[in-house]
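K.L.:
File structure.txt below, compact mmCIF, C-alpha atoms:
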# COMPACT_ATOMS: atom_id res chain seq x y z
CA MET A 1 -23.97 36.57 16.78
CA SER A 2 -22.80 39.69 15.01
CA ALA A 3 -20.65 39.89 11.90
CA PRO A 4 -18.84 43.05 10.84
CA SER A 5 -20.38 44.64 7.76
CA ALA A 6 -17.09 45.96 6.35
CA PRO A 7 -15.01 43.68 4.13
CA PRO A 8 -11.73 42.36 5.45
CA PRO A 9 -8.84 44.79 4.99
CA SER A 10 -6.82 42.35 2.90
CA SER A 11 -6.83 42.96 -0.86
CA ARG A 12 -5.85 39.35 -1.54
CA ARG A 13 -8.28 37.54 -3.82
CA VAL A 14 -9.89 34.45 -2.28
CA VAL A 15 -9.95 31.40 -4.56
CA ASP A 16 -12.48 28.88 -3.31
CA PRO A 17 -14.96 26.50 -5.04
CA LEU A 18 -17.87 28.19 -3.26
CA PHE A 19 -16.94 31.63 -4.60
CA THR A 20 -16.39 30.13 -8.07
CA ARG A 21 -19.96 28.82 -8.03
CA LEU A 22 -21.28 32.16 -6.79
CA GLU A 23 -19.44 34.07 -9.52
CA ALA A 24 -20.86 31.77 -12.21
CA PHE A 25 -24.34 32.36 -10.80
CA TYR A 26 -23.94 36.14 -10.59
CA ASP A 27 -22.79 36.22 -14.21
CA ALA A 28 -25.57 33.97 -15.49
CA VAL A 29 -28.67 35.16 -13.67
CA PRO A 30 -29.01 38.66 -15.24
CA ARG A 31 -28.68 37.18 -18.73
CA ASP A 32 -32.14 35.70 -18.28
CA ARG A 33 -33.59 39.15 -18.91
CA ALA A 34 -30.73 41.28 -20.20
CA GLY A 35 -28.02 41.70 -22.77
CA ALA A 36 -24.39 42.12 -21.73
CA GLU A 37 -21.84 44.72 -22.81
CA GLN A 38 -18.17 44.44 -21.91
CA ILE A 39 -16.61 47.74 -20.86
CA GLY A 40 -12.98 47.25 -19.86
CA PRO A 41 -12.86 44.81 -16.93
CA PHE A 42 -16.61 45.10 -16.32
CA VAL A 43 -19.74 43.66 -17.88
CA LEU A 44 -22.81 45.91 -17.97
CA PHE A 45 -26.17 44.13 -17.98
CA VAL A 46 -28.75 45.97 -20.08
CA PRO A 47 -32.39 44.96 -19.52
CA ASP A 48 -34.17 43.80 -22.67
CA GLY A 49 -37.64 44.63 -21.37
CA PRO A 50 -39.58 45.89 -18.35
CA GLY A 51 -38.63 44.79 -14.87
CA LEU A 52 -36.07 45.48 -12.22
CA PRO A 53 -33.05 47.65 -13.16
CA LEU A 54 -29.69 45.94 -13.40
CA TYR A 55 -26.04 46.88 -12.83
CA ALA A 56 -22.42 46.30 -13.83
CA ARG A 57 -20.19 43.55 -12.44
CA PRO A 58 -16.54 42.58 -12.84
CA LEU A 59 -15.95 40.16 -15.68
CA ILE A 60 -16.18 36.59 -14.49
CA GLY A 61 -12.76 35.28 -13.63
CA GLY A 62 -11.69 37.96 -11.19
CA GLY A 63 -8.23 39.49 -11.28
CA SER A 64 -7.86 42.77 -13.16
CA GLY A 65 -4.77 44.37 -11.76
CA GLY A 66 -4.68 46.83 -14.66
CA ALA A 67 -8.15 48.27 -13.99
CA SER A 68 -8.35 52.00 -13.39
CA LEU A 69 -10.72 54.74 -12.35
CA SER A 70 -11.35 55.50 -16.01
CA ASP A 71 -12.90 52.04 -16.41
CA VAL A 72 -15.44 52.85 -13.70
CA GLU A 73 -16.20 56.22 -15.30
CA ALA A 74 -16.67 54.58 -18.72
CA VAL A 75 -19.27 52.23 -17.24
CA ARG A 76 -21.07 55.10 -15.53
CA ALA A 77 -21.12 57.12 -18.74
CA ARG A 78 -22.70 54.21 -20.59
CA GLN A 79 -25.26 53.73 -17.82
CA ARG A 80 -26.23 57.39 -18.05
CA GLU A 81 -26.48 57.12 -21.82
CA LEU A 82 -28.86 54.16 -21.47
CA GLU A 83 -30.74 55.84 -18.58
CA LEU A 84 -29.79 53.00 -16.23
CA PRO A 85 -28.85 53.32 -12.56
CA GLU A 86 -25.14 53.95 -12.00
CA ALA A 87 -24.81 50.74 -10.01
CA PHE A 88 -22.07 48.15 -9.51
CA GLU A 89 -22.26 44.83 -7.67
CA TRP A 90 -19.50 42.39 -6.77
CA VAL A 91 -18.18 40.00 -4.11
CA HIS A 92 -15.26 41.57 -2.26
CA GLU A 93 -13.42 38.31 -1.63
CA THR A 94 -13.45 37.42 -5.34
CA THR A 95 -12.59 40.81 -6.82
CA PRO A 96 -11.10 43.02 -4.07
CA TRP A 97 -9.67 45.43 -6.64
CA VAL A 98 -13.13 46.87 -7.33
CA LEU A 99 -13.66 48.51 -3.92
CA PRO A 100 -10.91 51.16 -4.08
CA LEU A 101 -11.87 52.06 -7.64
CA VAL A 102 -15.57 52.67 -7.03
CA GLU A 103 -14.84 54.51 -3.78
CA GLY A 104 -12.29 56.58 -5.67
CA ALA A 105 -15.04 57.45 -8.13
CA GLY A 106 -17.12 58.86 -5.27
CA LEU A 107 -19.68 56.07 -5.11
CA SER A 108 -21.20 54.89 -1.85
CA VAL A 109 -20.76 51.20 -1.11
CA LEU A 110 -23.10 48.98 0.88
CA LYS A 111 -21.02 46.13 2.31
CA ALA A 112 -23.63 43.45 2.92
CA PRO A 113 -23.02 40.18 4.76
CA LEU A 114 -23.06 37.38 2.17
CA MET A 115 -24.68 34.33 3.76
CA VAL A 116 -25.08 30.70 2.72
CA LEU A 117 -27.61 28.23 4.12
CA GLY A 118 -25.84 25.61 6.23
CA PRO A 119 -25.90 21.85 5.59
CA ASP A 120 -28.72 21.26 8.09
CA GLY A 121 -31.14 23.30 5.98
CA VAL A 122 -33.43 26.12 6.98
CA ARG A 123 -35.06 26.18 10.40
CA GLU A 124 -38.82 26.43 10.70
CA ALA A 125 -40.24 29.93 11.04
CA THR A 126 -43.86 30.89 11.58
CA ALA A 127 -45.67 34.20 11.79
CA PRO A 128 -48.69 33.92 14.10
CA GLY A 129 -51.88 35.09 12.44
CA ALA A 130 -50.38 35.20 8.96
CA THR A 131 -50.29 32.79 6.05
CA VAL A 132 -47.26 32.43 3.78
CA ARG A 133 -47.92 31.23 0.27
CA LEU A 134 -45.84 30.75 -2.84
CA LEU A 135 -47.35 32.44 -5.87
CA ASP A 136 -48.64 30.00 -8.48
CA PRO A 137 -48.24 31.13 -12.11
CA GLU A 138 -51.31 29.06 -13.03
CA GLN A 139 -53.56 31.07 -10.72
CA PRO A 140 -55.32 34.27 -11.84
CA ASP A 141 -53.93 36.29 -8.93
CA PHE A 142 -50.27 35.62 -9.82
CA ALA A 143 -49.64 38.98 -11.50
CA ALA A 144 -51.37 40.88 -8.70
CA GLY A 145 -49.27 39.00 -6.16
CA VAL A 146 -46.03 39.93 -7.91
CA ALA A 147 -47.17 43.56 -8.09
CA ALA A 148 -47.99 43.53 -4.37
CA PHE A 149 -44.56 42.07 -3.55
CA ARG A 150 -42.77 44.73 -5.55
CA THR A 151 -44.82 47.51 -3.97
CA ILE A 152 -44.06 46.19 -0.48
CA ALA A 153 -40.37 45.95 -1.33
CA ALA A 154 -40.25 49.53 -2.62
CA LEU A 155 -41.94 50.87 0.52
CA ALA A 156 -39.88 48.73 2.89
CA PHE A 157 -36.51 49.54 1.34
CA GLY A 158 -37.52 53.19 1.38
CA SER A 159 -37.67 52.89 5.18
CA PRO A 160 -34.60 50.74 5.88
CA GLY A 161 -33.89 48.92 9.09
CA THR A 162 -35.84 46.51 11.23
CA ALA A 163 -37.71 48.95 13.47
CA PRO A 164 -41.48 49.33 13.01
CA GLY A 165 -42.68 52.47 11.25
CA PRO A 166 -45.90 54.15 10.10
CA VAL A 167 -45.93 52.87 6.50
CA GLY A 168 -48.48 50.09 6.19
CA ALA A 169 -51.42 48.73 4.23
CA LEU A 170 -52.88 52.14 3.36
CA GLU A 171 -49.63 53.28 1.78
CA ARG A 172 -49.29 49.91 0.01
CA ASP A 173 -52.73 50.26 -1.55
CA ALA A 174 -52.07 53.86 -2.59
CA ALA A 175 -48.81 52.90 -4.31
CA LEU A 176 -50.02 49.68 -5.91
CA ARG A 177 -50.19 49.74 -9.69
CA ALA A 178 -51.74 47.29 -12.11
CA PRO A 179 -49.15 44.74 -13.23
CA ASP A 180 -47.58 45.07 -16.64
CA ALA A 181 -48.96 42.23 -18.77
CA ALA A 182 -45.70 41.47 -20.57
CA GLU A 183 -43.70 41.48 -17.34
CA ALA A 184 -46.28 39.29 -15.61
CA GLU A 185 -46.10 36.78 -18.47
CA ARG A 186 -42.32 36.73 -18.30
CA GLU A 187 -42.29 36.18 -14.53
CA ALA A 188 -44.91 33.44 -14.81
CA SER A 189 -42.67 31.67 -17.32
CA ARG A 190 -39.65 31.99 -15.02
CA VAL A 191 -41.58 30.55 -12.07
CA ALA A 192 -43.06 27.73 -14.15
CA SER A 193 -39.57 26.72 -15.29
CA GLN A 194 -38.22 26.92 -11.70
CA ARG A 195 -35.90 29.83 -12.51
CA ALA A 196 -37.68 31.96 -9.92
CA ALA A 197 -40.21 31.87 -7.11
CA TYR A 198 -42.24 34.45 -5.22
CA ALA A 199 -43.75 34.26 -1.74
CA ILE A 200 -45.97 36.62 0.21
CA ALA A 201 -47.12 36.70 3.83
CA GLU A 202 -50.66 37.95 4.34
CA THR A 203 -53.48 38.15 6.82
CA GLU A 204 -57.17 37.99 6.12
CA ASP A 205 -57.77 41.53 7.37
CA GLU A 206 -54.64 43.33 6.17
CA GLY A 207 -53.73 41.54 2.95
CA ALA A 208 -50.12 41.14 1.84
CA LEU A 209 -47.67 42.51 4.41
CA ALA A 210 -44.36 40.93 3.40
CA GLY A 211 -42.81 39.18 0.45
CA GLY A 212 -39.69 37.81 -1.10
CA ALA A 213 -38.38 35.92 -4.09
CA TYR A 214 -35.55 33.77 -5.29
CA GLN A 215 -33.74 33.67 -8.58
CA ARG A 216 -32.13 30.45 -9.68
CA VAL A 217 -29.63 29.03 -12.13
CA GLY A 218 -29.41 25.24 -12.03
CA PRO A 219 -28.83 24.07 -8.44
CA VAL A 220 -27.95 27.56 -7.13
CA ALA A 221 -30.66 29.85 -5.73
CA GLU A 222 -30.38 33.35 -4.32
CA ILE A 223 -33.13 34.64 -2.04
CA VAL A 224 -33.74 38.31 -2.84
CA GLY A 225 -36.02 41.20 -1.99
CA VAL A 226 -37.32 39.92 1.36
CA ALA A 227 -39.23 42.88 2.74
CA THR A 228 -41.93 43.71 5.28
CA LEU A 229 -44.09 46.80 5.43
CA PRO A 230 -42.68 48.90 8.28
CA ALA A 231 -45.97 48.85 10.19
CA ALA A 232 -45.88 45.03 10.20
CA ARG A 233 -42.24 44.53 11.27
CA ARG A 234 -41.19 42.36 14.20
CA ARG A 235 -44.02 39.89 13.64
CA GLY A 236 -41.83 37.17 12.11
CA LEU A 237 -43.14 37.75 8.58
CA GLY A 238 -39.79 38.17 6.83
CA ALA A 239 -38.35 35.09 8.51
CA ALA A 240 -41.38 33.02 7.53
CA VAL A 241 -41.12 34.18 3.91
CA THR A 242 -37.39 33.41 3.82
CA ALA A 243 -37.93 29.93 5.25
CA ALA A 244 -40.68 29.16 2.74
CA LEU A 245 -38.49 30.22 -0.18
CA ALA A 246 -35.51 28.22 1.08
CA GLN A 247 -37.71 25.15 1.55
CA ARG A 248 -39.06 25.45 -1.99
CA ALA A 249 -35.60 25.90 -3.46
CA HIS A 250 -34.29 22.86 -1.62
CA ALA A 251 -37.34 20.75 -2.52
CA THR A 252 -36.82 21.50 -6.20
CA GLY A 253 -33.15 20.51 -6.23
CA ALA A 254 -31.11 23.55 -5.18
CA ASP A 255 -27.99 22.55 -3.24
CA LEU A 256 -26.59 26.05 -2.73
CA ILE A 257 -28.99 28.62 -1.28
CA PHE A 258 -27.67 32.05 -0.35
CA LEU A 259 -28.62 35.67 0.25
CA SER A 260 -27.17 39.06 1.13
CA ALA A 261 -28.29 40.76 4.34
CA GLY A 262 -28.81 44.51 4.32
CA ASN A 263 -26.93 45.02 7.60
CA ASP A 264 -25.74 43.22 10.71
CA ASP A 265 -29.15 43.32 12.41
CA VAL A 266 -30.76 41.62 9.43
CA ALA A 267 -27.86 39.15 9.24
CA ARG A 268 -28.59 38.07 12.81
CA LEU A 269 -32.19 37.27 11.81
CA TYR A 270 -31.00 35.12 8.92
CA ALA A 271 -28.45 33.40 11.17
CA ARG A 272 -31.32 32.19 13.34
CA LEU A 273 -32.73 30.45 10.27
CA GLY A 274 -29.49 28.59 9.60
CA PHE A 275 -27.60 30.93 7.28
CA ARG A 276 -23.89 31.59 7.95
CA ARG A 277 -21.73 34.42 6.73
CA VAL A 278 -19.10 33.54 4.12
CA GLY A 279 -18.13 36.92 2.69
CA THR A 280 -19.19 40.42 1.69
CA ALA A 281 -21.47 41.37 -1.19
CA CYS A 282 -20.83 44.96 -2.27
CA ILE A 283 -23.36 47.26 -3.94
CA ALA A 284 -22.16 50.68 -5.14
CA SER A 285 -24.24 53.65 -6.26
CA PRO A 286 -23.98 57.45 -6.18
CA PRO A 287 -24.48 59.02 -2.74
CA ALA A 288 -27.98 60.20 -1.92
CA GLY A 289 -28.60 63.58 -3.48
CA ALA A 290 -25.68 63.30 -5.89
With the file now loaded, output its structure as structure tokens.

P.N.:
Amino acid sequence: MSAPSAPPPSSRRVVDPLFTRLEAFYDAVPRDRAGAEQIGPFVLFVPDGPGLPLYARPLIGGGSGGASLSDVEAVRARQRELELPEAFEWVHETTPWVLPLVEGAGLSVLKAPLMVLGPDGVREATAPGATVRLLDPEQPDFAAGVAAFRTIAALAFGSPGTAPGPVGALERDAALRAPDAAEAEREASRVASQRAAYAIAETEDEGALAGGAYQRVGPVAEIVGVATLPAARRRGLGAAVTAALAQRAHATGADLIFLSAGNDDVARLYARLGFRRVGTACIASPPAGA
């Protein structure tokens, strides 16, 4: 089953309880590790410590018919001033006015299938020869596991797609850096309080080959960063990690579990696990080389 990656041509805003819940989540989750600055019709999330870079989003509530290109440029100027990525994220169905503005500003837009886990829950997924485990903040290898996940994600997203490639365990080990103590402590606190979870897939001989995480606000959980080293692709590792994270989220009380697929091929993999497309998550950034 294939879903088009482009958003629907209509500029009509969709008002739906599901999208209302998603917007509340998207607004709340960055505030766990960031401050927020309002710039026109946007809110810019500014990290308050080490960790993943953040972005700007439309103000919660949607409609901003008076927004203009100058609002986008004001956000980008502030991002440059703070040495943050010039990045915007939004859901097209909720705030369709954003797309023409960011494209008018010359930004490239990834239109990712937005997918929600269906009422029957996630289907079982196994990766022969590999073990999937959720990282335990009480264990001494927690920080190293988070560092391995982030290294795998950086390498995997640097070689996008689902086709196998040459980057594997040797490149992972060469790129791996000791975890930042403050960041590891923060992530351990988030996992212990069920605001986050991390999972890795590993083999005895090769070590960690894939990983993923979820971030959570109340009963809503978003699975993020699922990635497999290119040399280990097409072994079922990403699917097994996704299933484990969805199972944990459900077992701990989440009743809305969702994710964004990088493209249609990835969306088909998630569909096999029980996720269905409900919309389009947009991610804008300057074109490569700009």

K.L.:
Quick one: pull the distance between CA of Pro100 in chain A and CA of Gln215 in chain A, Å, one decimal.

P.N.:
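For CA of Pro100 in chain A relative to CA of Gln215 in chain A, the distance reads 29.1 Å.
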
K.L.:
How far is it from CA of Val167 in chain A to CA of Leu155 in chain A, in Å with one decimal?

P.N.:
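Value for the CA of Val167 in chain A-CA of Leu155 in chain A distance: 7.5 Å.
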
K.L.:
With distances taken over all atoms listed in the file, which residue among A:Ala288, A:Val217, A:Leu101, A:Val109 lies nearest Ala24 in chain A?

P.N.:
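Looking only at the distances to Ala24 in chain A, the closest residue turns out to be A:Val217.
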
K.L.:
Which value, in Å to one decimal, gives the distance between CA of Leu44 in chain A and CA of Thr20 in chain A?

P.N.:
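Calculated distance between CA of Leu44 in chain A and CA of Thr20 in chain A is 19.7 Å.
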
K.L.:
So that I can check the surroundings of Val226 in chain A, please list as number ranges by chain every protein, DNA and RNA residue that reaches within 8 Å of it, counting all atoms listed in the file and ignoring chain neighbours fewer than 5 positions away.

P.N.:
A: 153, 210-213, 238, 241-242

K.L.:
For Glu73 in chain A, which of A:Leu54, A:Ile39, A:Ile200, A:Val278 is the closest residue, counting all atoms listed in the file?

P.N.:
A:Ile39

K.L.:
Nearest to Arg190 in chain A among A:Gly61, A:Gly121, A:Pro137, A:Pro53, with distances taken over all atoms listed in the file: which residue is it?

P.N.:
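Using all atoms listed in the file, Arg190 in chain A sits closest to A:Pro137.
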
K.L.:
Can you pull out the residues contacting Ser70 in chain A? Cut-off 12 Å, using all atoms listed in the file, and skip same-chain residues under 2 positions away; I want them as a count of residues only.

P.N.:
17

K.L.:
Which residue out of A:Pro85, A:Gly49, A:Ala125, A:Glu204 has the minimum interatomic distance to Glu185 in chain A when only C-alpha atoms are used?

P.N.:
A:Gly49

K.L.:
Please list as number ranges by chain every residue within 12 Å of Arg235 in chain A, counting only C-alpha atoms and excluding residues in the same chain fewer than 3 positions away.

P.N.:
A: 125-130, 162-164, 201-203, 209-210, 228-232, 238-241

K.L.:
Nearest residue to Leu135 in chain A out of A:Ala182, A:Ala112, A:Ala197, A:Val43, using all atoms listed in the file?

P.N.:
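Result for the nearest residue to Leu135 in chain A: A:Ala197.
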
K.L.:
Ranking A:Ala148, A:Val224, A:Leu134, A:Leu117 by minimum distance to Arg276 in chain A and counting all atoms listed in the file, which one comes first?

P.N.:
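Distance minimum relative to Arg276 in chain A lands on A:Leu117.
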
K.L.:
Give me range 67-87 of chain A with N, CA and C atoms filled in, as a tab-separated table (two decimals), in the coordinates of the input.

P.N.:
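Saved the output as out_13.tsv:
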chain	number	residue	atom	x	y	z
A	67	ALA	N	-6.95	47.43	-13.98
A	67	ALA	CA	-8.15	48.27	-13.99
A	67	ALA	C	-7.85	49.63	-13.38
A	68	SER	N	-8.58	50.64	-13.85
A	68	SER	CA	-8.35	52.00	-13.39
A	68	SER	C	-9.66	52.73	-13.17
A	69	LEU	N	-9.55	53.91	-12.59
A	69	LEU	CA	-10.72	54.74	-12.35
A	69	LEU	C	-11.44	55.06	-13.65
A	70	SER	N	-10.71	55.19	-14.73
A	70	SER	CA	-11.35	55.50	-16.01
A	70	SER	C	-12.28	54.38	-16.47
A	71	ASP	N	-12.00	53.14	-16.07
A	71	ASP	CA	-12.90	52.04	-16.41
A	71	ASP	C	-14.24	52.21	-15.71
A	72	VAL	N	-14.21	52.61	-14.44
A	72	VAL	CA	-15.44	52.85	-13.70
A	72	VAL	C	-16.23	53.99	-14.34
A	73	GLU	N	-15.53	55.06	-14.71
A	73	GLU	CA	-16.20	56.22	-15.30
A	73	GLU	C	-16.78	55.87	-16.67
A	74	ALA	N	-16.13	54.99	-17.42
A	74	ALA	CA	-16.67	54.58	-18.72
A	74	ALA	C	-17.97	53.81	-18.54
A	75	VAL	N	-18.03	52.95	-17.51
A	75	VAL	CA	-19.27	52.23	-17.24
A	75	VAL	C	-20.37	53.20	-16.85
A	76	ARG	N	-20.06	54.14	-15.98
A	76	ARG	CA	-21.07	55.10	-15.53
A	76	ARG	C	-21.58	55.95	-16.69
A	77	ALA	N	-20.70	56.33	-17.58
A	77	ALA	CA	-21.12	57.12	-18.74
A	77	ALA	C	-22.09	56.33	-19.61
A	78	ARG	N	-21.81	55.05	-19.80
A	78	ARG	CA	-22.70	54.21	-20.59
A	78	ARG	C	-24.04	54.01	-19.88
A	79	GLN	N	-24.02	53.85	-18.57
A	79	GLN	CA	-25.26	53.73	-17.82
A	79	GLN	C	-26.11	54.98	-17.95
A	80	ARG	N	-25.47	56.14	-17.87
A	80	ARG	CA	-26.23	57.39	-18.05
A	80	ARG	C	-26.80	57.48	-19.45
A	81	GLU	N	-26.01	57.08	-20.44
A	81	GLU	CA	-26.48	57.12	-21.82
A	81	GLU	C	-27.71	56.24	-22.01
A	82	LEU	N	-27.74	55.09	-21.35
A	82	LEU	CA	-28.86	54.16	-21.47
A	82	LEU	C	-29.96	54.43	-20.45
A	83	GLU	N	-29.78	55.48	-19.64
A	83	GLU	CA	-30.74	55.84	-18.58
A	83	GLU	C	-30.93	54.69	-17.60
A	84	LEU	N	-29.81	54.07	-17.23
A	84	LEU	CA	-29.79	53.00	-16.23
A	84	LEU	C	-29.18	53.53	-14.94
A	85	PRO	N	-29.49	52.91	-13.82
A	85	PRO	CA	-28.85	53.32	-12.56
A	85	PRO	C	-27.33	53.15	-12.65
A	86	GLU	N	-26.60	54.07	-12.05
A	86	GLU	CA	-25.14	53.95	-12.00
A	86	GLU	C	-24.79	53.03	-10.83
A	87	ALA	N	-24.93	51.73	-11.08
A	87	ALA	CA	-24.81	50.74	-10.01
A	87	ALA	C	-23.79	49.67	-10.39
